[in-house]
$ cat final.txt   # compact mmCIF, C-alpha atoms and all ligand atoms
# COMPACT_ATOMS: atom_id res chain seq x y z
CA MET H 1 139.25 40.31 302.97
CA SER H 2 140.04 42.05 299.72
CA ASP H 3 142.92 44.08 301.10
CA LYS H 4 144.99 40.91 301.58
CA SER H 5 145.57 40.80 297.86
CA ILE H 6 146.66 44.40 297.39
CA ALA H 7 150.40 44.83 297.28
CA PHE H 8 152.07 48.22 297.06
CA ALA H 9 155.25 49.76 295.73
CA ALA H 10 155.89 53.01 297.60
CA ASP H 11 158.21 55.60 296.11
CA ARG H 12 161.24 56.66 298.10
CA MET H 13 159.52 59.77 299.45
CA LEU H 14 156.96 57.66 301.28
CA GLY H 15 158.93 55.74 303.88
CA ARG H 16 156.70 56.57 306.78
CA LEU H 17 153.57 55.64 304.86
CA ALA H 18 155.18 52.35 303.82
CA LYS H 19 155.88 51.50 307.44
CA TRP H 20 152.32 52.25 308.47
CA LEU H 21 150.87 50.12 305.71
CA ARG H 22 153.07 47.29 307.00
CA VAL H 23 151.59 47.85 310.46
CA LEU H 24 148.23 47.02 308.85
CA GLY H 25 149.77 43.87 307.37
CA CYS H 26 150.06 45.12 303.78
CA ASP H 27 152.83 43.93 301.48
CA VAL H 28 154.77 47.12 300.66
CA ILE H 29 158.13 47.39 298.98
CA TYR H 30 160.07 50.56 299.64
CA GLY H 31 163.64 51.67 299.16
CA GLN H 32 165.97 54.24 297.69
CA HIS H 33 165.89 52.50 294.31
CA LEU H 34 162.14 52.97 294.05
CA ALA H 35 161.76 56.12 292.01
CA GLY H 36 161.00 56.82 288.36
CA HIS H 37 161.55 53.87 286.09
CA GLY H 38 162.90 51.74 288.94
CA LEU H 39 159.60 52.13 290.72
CA ILE H 40 157.63 51.29 287.60
CA ARG H 41 159.74 48.20 286.91
CA ALA H 42 159.39 46.91 290.47
CA ALA H 43 155.63 47.48 290.48
CA ARG H 44 155.19 45.68 287.16
CA ALA H 45 157.29 42.72 288.27
CA ASP H 46 154.93 41.78 291.13
CA ASP H 47 151.73 43.48 290.03
CA ARG H 48 151.86 46.14 292.73
CA LEU H 49 149.92 49.37 293.03
CA ILE H 50 152.30 52.33 292.92
CA LEU H 51 152.04 54.95 295.63
CA THR H 52 153.82 58.12 294.60
CA ARG H 53 154.25 61.83 295.23
CA ASP H 54 156.02 62.25 291.90
CA HIS H 55 153.96 64.32 289.47
CA ARG H 56 156.18 63.31 286.56
CA LEU H 57 155.57 59.59 286.98
CA ALA H 58 152.27 59.76 285.06
CA ARG H 59 154.21 60.71 281.90
CA LYS H 60 156.20 57.49 282.04
CA GLN H 61 153.27 55.23 281.25
CA PRO H 62 153.23 53.56 284.65
CA PRO H 63 151.00 50.66 285.66
CA PRO H 64 148.12 51.60 288.00
CA PHE H 65 149.17 54.17 290.58
CA LEU H 66 147.74 56.29 293.33
CA PHE H 67 149.00 59.85 293.58
CA ILE H 68 149.46 60.76 297.23
CA ASP H 69 148.18 64.27 297.91
CA SER H 70 149.58 65.16 301.30
CA ASN H 71 153.05 65.49 302.78
CA ASP H 72 151.73 64.38 306.16
CA TYR H 73 151.91 60.64 306.82
CA VAL H 74 148.63 60.54 308.75
CA GLU H 75 146.80 62.12 305.83
CA GLN H 76 148.66 59.82 303.44
CA LEU H 77 147.56 56.77 305.39
CA ARG H 78 144.00 58.05 305.54
CA GLN H 79 144.01 58.52 301.77
CA VAL H 80 145.34 55.02 301.00
CA MET H 81 143.04 53.31 303.50
CA GLY H 82 140.06 55.09 301.94
CA ALA H 83 141.06 54.57 298.31
CA CYS H 84 141.92 50.88 298.75
CA ASP H 85 139.26 50.08 301.34
CA LEU H 86 141.84 48.93 303.89
CA ARG H 87 140.76 48.09 307.40
CA SER H 88 142.65 48.04 310.62
CA GLY H 89 141.85 44.42 311.43
CA ALA H 90 143.12 40.88 311.26
CA GLY H 91 146.32 41.78 309.46
CA LEU H 92 147.58 44.11 312.19
CA PHE H 93 151.15 43.48 313.30
CA THR H 94 151.59 40.46 311.04
CA ARG H 95 154.37 41.92 308.91
CA CYS H 96 157.88 43.08 309.69
CA LEU H 97 158.02 46.89 309.70
CA VAL H 98 161.64 46.87 308.66
CA CYS H 99 161.92 44.30 305.86
CA ASN H 100 158.30 43.54 304.87
CA SER H 101 158.48 39.78 305.59
CA PRO H 102 155.41 38.08 307.10
CA LEU H 103 155.87 37.47 310.83
CA GLU H 104 155.56 34.02 312.40
CA PRO H 105 154.18 33.44 315.89
CA ARG H 106 156.80 32.26 318.38
CA PRO H 107 155.90 30.33 321.53
CA LYS H 108 156.86 32.16 324.69
CA ALA H 109 159.12 29.31 325.81
CA ALA H 110 161.24 29.74 322.70
CA VAL H 111 162.16 33.38 323.32
CA GLU H 112 163.28 33.39 326.93
CA LYS H 113 166.94 33.91 326.06
CA LEU H 114 166.18 36.47 323.38
CA VAL H 115 164.32 39.16 325.31
CA PRO H 116 164.99 41.15 328.48
CA PRO H 117 163.63 39.48 331.65
CA TYR H 118 161.05 42.21 332.18
CA VAL H 119 159.64 41.67 328.70
CA PHE H 120 159.59 37.91 329.17
CA SER H 121 157.70 38.18 332.45
CA THR H 122 155.12 40.70 331.21
CA GLN H 123 154.42 39.62 327.61
CA GLU H 124 152.59 36.54 326.35
CA SER H 125 152.70 36.71 322.58
CA PHE H 126 155.75 37.04 320.38
CA SER H 127 156.33 37.11 316.62
CA TRP H 128 159.48 36.42 314.70
CA CYS H 129 160.75 37.83 311.42
CA ALA H 130 162.77 35.23 309.57
CA GLY H 131 163.82 37.87 307.03
CA CYS H 132 165.81 40.11 309.38
CA GLN H 133 165.84 38.03 312.59
CA ARG H 134 163.80 40.47 314.64
CA LEU H 135 161.50 39.57 317.48
CA TYR H 136 158.30 41.56 318.02
CA TRP H 137 155.97 41.76 320.99
CA PRO H 138 153.06 44.02 321.89
CA GLY H 139 154.13 47.03 323.88
CA THR H 140 153.54 50.70 324.35
CA HIS H 141 154.58 51.45 320.77
CA GLN H 142 151.90 49.10 319.47
CA GLN H 143 149.31 50.75 321.68
CA LYS H 144 150.26 54.16 320.30
CA MET H 145 149.93 52.80 316.78
CA LEU H 146 146.49 51.42 317.56
CA ASP H 147 145.44 54.76 319.03
CA LEU H 148 146.45 56.54 315.85
CA LEU H 149 144.73 53.97 313.63
CA GLY H 150 141.58 54.34 315.73
CA LYS H 151 141.52 58.03 314.80
CA ILE H 152 142.05 57.34 311.13
CA ALA H 153 139.73 54.35 310.70
CA VAL H 154 136.95 54.78 308.21
CA PRO H 155 133.66 54.82 310.13
ZN ZN Z 1 162.21 41.74 309.10

$ encode --input "final.txt" --output "structure tokens" --more "lines below"
Ligand SMILES: [Zn+2]
Amino acid sequence: MSDKSIAFAADRMLGRLAKWLRVLGCDVIYGQHLAGHGLIRAARADDRLILTRDHRLARKQPPPFLFIDSNDYVEQLRQVMGACDLRSGAGLFTRCLVCNSPLEPRPKAAVEKLVPPYVFSTQESFSWCAGCQRLYWPGTHQQKMLDLLGKIAVP
């Protein structure tokens, strides 16, 4: 899959888009320092495609960038998925939405003390973020995300 190799640097106005690209499994850096020259520097350092809403960025001789047209995160996601040929597929829910680290599968037996009893008794698959020590499992929020992605997906 070609989209595995695309990494992004999202400017600080695009937090919601950054999170959604992480849902798809994309490597996206995002933070308050990522604007103007800080954004350009960070993108150059790791060869990342810049995602920006900043009209003035083009004057600063940036590396390759994609200007994001809409203010609405659903439209933003649609634009990036189309422009970069991203699919909602194998990479789904493989990256931490908070810190961007790749998630590692955790056997159910290893998480019993870490999750509420109801979650433990109803869920079978768990993933762990070593970066920020978060545990993930499929739930209603994931189903809502999948529903939204189903509406966006390129036919
Ligand atoms: Zn994390």

$ closest_atom_pairs --input "final.txt" --of "chain H" --to "ligand ZN 1 (chain Z)" --cutoff "6 Å" --atoms "all atoms listed in the file" --output "Markdown table"
| residue | atom | partner | partner_atom | distance |
| --- | --- | --- | --- | --- |
| H:Cys96 | CA | Z:ZN1 | ZN | 4.6 |
| H:Val98 | CA | Z:ZN1 | ZN | 5.2 |
| H:Cys99 | CA | Z:ZN1 | ZN | 4.1 |
| H:Ser101 | CA | Z:ZN1 | ZN | 5.5 |
| H:Cys129 | CA | Z:ZN1 | ZN | 4.8 |
| H:Gly131 | CA | Z:ZN1 | ZN | 4.7 |
| H:Cys132 | CA | Z:ZN1 | ZN | 4.0 |
| H:Arg134 | CA | Z:ZN1 | ZN | 5.9 |

$ write_last_selection --input "final.txt" --atoms "C-alpha atoms" --output "PDB file, keeping the file's coordinate frame"
ATOM      1  CA  CYS H  96     157.880  43.080 309.690  1.00  0.00           C
ATOM      2  CA  VAL H  98     161.640  46.870 308.660  1.00  0.00           C
ATOM      3  CA  CYS H  99     161.920  44.300 305.860  1.00  0.00           C
ATOM      4  CA  SER H 101     158.480  39.780 305.590  1.00  0.00           C
ATOM      5  CA  CYS H 129     160.750  37.830 311.420  1.00  0.00           C
ATOM      6  CA  GLY H 131     163.820  37.870 307.030  1.00  0.00           C
ATOM      7  CA  CYS H 132     165.810  40.110 309.380  1.00  0.00           C
ATOM      8  CA  ARG H 134     163.800  40.470 314.640  1.00  0.00           C
TER       9      ARG H 134
END

$ closest_atom_pairs --input "final.txt" --of "range 35-128 of chain H" --to "range 23-30 of chain H" --cutoff "12 Å" --atoms "all atoms listed in the file" --output "CSV"
residue,atom,partner,partner_atom,distance
H:Ala35,CA,H:Tyr30,CA,9.6
H:Gly38,CA,H:Tyr30,CA,11.1
H:Leu39,CA,H:Tyr30,CA,9.1
H:Ala42,CA,H:Ile29,CA,8.6
H:Ala43,CA,H:Ile29,CA,8.9
H:Ala45,CA,H:Ile29,CA,11.7
H:Asp46,CA,H:Ile29,CA,10.2
H:Asp47,CA,H:Asp27,CA,11.5
H:Arg48,CA,H:Val28,CA,8.5
H:Leu49,CA,H:Val28,CA,9.3
H:Ile50,CA,H:Val28,CA,9.7
H:Leu51,CA,H:Val28,CA,9.7
H:Thr52,CA,H:Tyr30,CA,11.0
H:Leu77,CA,H:Leu24,CA,10.4
H:Val80,CA,H:Cys26,CA,11.3
H:Met81,CA,H:Leu24,CA,9.8
H:Cys84,CA,H:Cys26,CA,11.2
H:Leu86,CA,H:Leu24,CA,8.3
H:Arg87,CA,H:Leu24,CA,7.7
H:Ser88,CA,H:Leu24,CA,5.9
H:Gly89,CA,H:Leu24,CA,7.4
H:Ala90,CA,H:Gly25,CA,8.3
H:Gly91,CA,H:Gly25,CA,4.5
H:Leu92,CA,H:Leu24,CA,4.5
H:Phe93,CA,H:Val23,CA,5.2
H:Thr94,CA,H:Gly25,CA,5.3
H:Arg95,CA,H:Gly25,CA,5.2
H:Cys96,CA,H:Val23,CA,7.9
H:Leu97,CA,H:Val23,CA,6.5
H:Val98,CA,H:Tyr30,CA,9.9
H:Cys99,CA,H:Ile29,CA,8.4
H:Asn100,CA,H:Asp27,CA,6.4
H:Ser101,CA,H:Asp27,CA,8.1
H:Pro102,CA,H:Gly25,CA,8.1
H:Leu103,CA,H:Gly25,CA,9.5

$ closest_residue --input "final.txt" --among "H:Phe8, H:Trp137, H:Trp20, H:Tyr118" --to "Val74 in chain H" --atoms "all atoms listed in the file"
H:Trp20

$ residues_around --input "final.txt" --residues "His37 in chain H" --least-positions-apart "3" --cutoff "8 Å" --atoms "only C-alpha atoms" --output "list in words"
Ile40, Arg41 and Lys60 of chain H

$ closest_residue --input "final.txt" --among "H:Ala7, H:Leu17, H:Leu135, H:Leu34" --to "Val119 in chain H" --atoms "only C-alpha atoms"
H:Leu135

$ residues_near_point --input "final.txt" --point "(158.5, 32.2, 325.3)" --cutoff "10 Å" --atoms "all atoms listed in the file" --output "list in words"
Arg106, Pro107, Lys108, Ala109, Ala110, Val111, Glu112, Lys113, Leu114, Val115, Phe120, Ser121, Gln123, Glu124, Ser125 and Phe126 of chain H

$ atom_distance --input "final.txt" --atom1 "CA of Gln79 in chain H" --atom2 "CA of Arg16 in chain H"
13.8 Å

$ atom_distance --input "final.txt" --atom1 "CA of Phe67 in chain H" --atom2 "CA of His33 in chain H"
18.4 Å

$ closest_residue --input "final.txt" --among "H:Ser127, H:Thr122, H:Gln142, H:Gln32" --to "Ala9 in chain H" --atoms "only C-alpha atoms"
H:Gln32

$ closest_residue --input "final.txt" --among "H:Arg22, H:Asp69, H:Ala58, H:Gly31" --to "Ala10 in chain H" --atoms "all atoms listed in the file"
H:Gly31

$ atom_distance --input "final.txt" --atom1 "CA of Gln61 in chain H" --atom2 "CA of Gly36 in chain H"
10.6 Å
